[in-house]
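> Starting off with a structure, shown below.
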Amino acid sequence: MVGGETQLLSLRISILYFLQCYLYKNESEKSKIIQKLFYQTENAANKHTLGHLLTTGILSKDIVSSWCSFIALSHLIADSQESKETILLVKLPVDQTPTGAKTLMEISFDLLTNASSLCHTRIAILIFICTWLLNNSLAVQTFLSIDNTISYLISQICLCLHFNNNQISSYSIGSIKQKIIENIGFEIIKKNLEIFAQSKYYRDAQQQIHLTISEADELLIDHNFAQLFIYSKELVMSTLTPDGEIKH
């Protein structure tokens with residue numbers, strides 16, 4: 001899945017699917033893997049942990065490695081509030097200096113806004129962040145505290161609106177909703193959500209639990225995100241109403 005650029009694509013995707021099945025409702029193993037994310041040393045033993053492979057994979061220039069790593073991380077925290085909050089504390093080195101470390105969320109956003117990042121990687125990052133923010137106010141608060149997140153991301157704004165705990169004063173529920181209505185518009189968001197729901201990639205992901213692709217360029221969204229989108233779309237439409245009320 002990661003670091004196996006010479007392996008068959010079908011094998012790498014199968015490993016990802018196996019990992020997803022293994023993590024499903026397996027909170028104890030999720031916790032163990034997340035703990036490994038905190039210990040990114042250079043010793044030989046650590047290089048073979050799943051935590052190390054995932055953090056290496058998200059920085060990879062290989063499409064399959066980066067996409068699979070972010071999708072695996074999204075499954076690692078899916079439906080687990082404890083995992084979503086614990087992973088907020090994960091920091092990874094970005095250079096050789098003692099203070100050269102950033103949180104996983106900061107690194108994810110940096111990669112998302114980096115012009116050199118692959119399109120497929122950006123999509124996987126959006127899936128990861130979307131999964132992270134869903135139903136978790138602390139993750140939303142942390143996300144909003146990172147500079148330029150709201151100005152860059154449109155797809156995450158509505159989740160930040162619905163699950164916002166109002167701890168970031170400049171990005172309160174009311175102010176975010178005003179930004180959306182003034183700068184984007186309710187009808188535009190509604191239209192684009194409907195366009196996405198009708199896309200071939202979404203329909204295929206919704207119908208197929210296990211990815212069936214022949215080329216790495218086809219790596220976009222998976223079944224889990226397709227299911228999450230259904231739930232999130234309803235939240236967005238019920239929360240972002242043109243009548244000025246916030247509905248929960």
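Letters A, B, ... mark the chains of the structure tokens in the order given; residue numbers begin at 1 per chain; ligand numbers begin at 1, in order shown.
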Per DSSP on the backbone, filter segment 74-240 of chain A down to the residues in helix (DSSP H, G or I) and report them as an MDAnalysis selection string.

chainID A and resid 74:77 81:89 104:113 119:133 137:144 149:152 157:162 169:171 173:183 186:197 200:207 216:218 223:239

> Need the shell around Asp79 of chain A: protein/DNA/RNA residues with any atom at most 12 Å away, counting only C-alpha atoms. Skip same-chain ones fewer than 5 positions apart. Format as a short mmCIF file (atom, residue, chain, number, x, y, z; two decimals) with C-alpha atoms, in the first residue's frame?


data_model
loop_
_atom_site.label_atom_id
_atom_site.label_comp_id
_atom_site.auth_asym_id
_atom_site.auth_seq_id
_atom_site.Cartn_x
_atom_site.Cartn_y
_atom_site.Cartn_z
CA LEU A 23 -10.14 -1.10 11.71
CA TYR A 24 -13.93 -1.26 11.45
CA LYS A 25 -15.32 -0.94 15.01
CA ASN A 26 -11.91 -2.02 16.32
CA GLU A 27 -11.29 0.78 18.80
CA LYS A 30 -7.17 2.13 16.33
CA SER A 74 -9.63 8.74 7.69
CA LYS A 84 -10.28 12.29 16.47
CA GLU A 85 -9.27 14.18 19.59
CA THR A 131 -13.98 12.85 8.38
CA TRP A 132 -12.01 14.54 11.17
CA LEU A 133 -14.38 17.51 11.51
CA LEU A 134 -17.60 15.53 11.41
CA ASN A 135 -19.31 15.50 14.82
CA ASN A 136 -16.22 16.82 16.60
CA ASN A 224 -16.80 5.31 3.17
CA LEU A 228 -20.26 10.26 4.80
#

> Sorted by chain and rising residue number, which residues of segment 1-25 of chain A lie within 9 Å of segment 208-212 of chain A, and what are their closest atom pairs and distances in Å to one decimal, counting only C-alpha atoms, as a Markdown table?


| residue | atom | partner | partner_atom | distance |
| --- | --- | --- | --- | --- |
| A:Ser10 | CA | A:Thr212 | CA | 8.2 |
| A:Ile13 | CA | A:Leu211 | CA | 7.3 |
| A:Ser14 | CA | A:His210 | CA | 8.2 |
| A:Tyr17 | CA | A:His210 | CA | 6.7 |

> Between A:Ile63, A:Ile180, A:Ile77, A:Val94, which residue has the minimum interatomic distance to Arg122 of chain A, considering only C-alpha atoms?

A:Ile63

> Excluding Glu218 of chain A and its own-chain neighbours fewer than 5 positions away, which residues fall within 9 Å of it when counting only C-alpha atoms? Please give them as a list in words.

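What passes the distance filter is His120, Tyr201 and Ile213 of chain A.
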
> Please save C-alpha atoms of the selected residues as a tab-separated table (two decimals), in the first residue's frame.


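Result file again.tsv:
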chain	number	residue	atom	x	y	z
A	120	HIS	CA	-5.46	12.93	-5.96
A	201	TYR	CA	-17.05	8.93	-9.39
A	213	ILE	CA	-9.88	0.48	-10.58
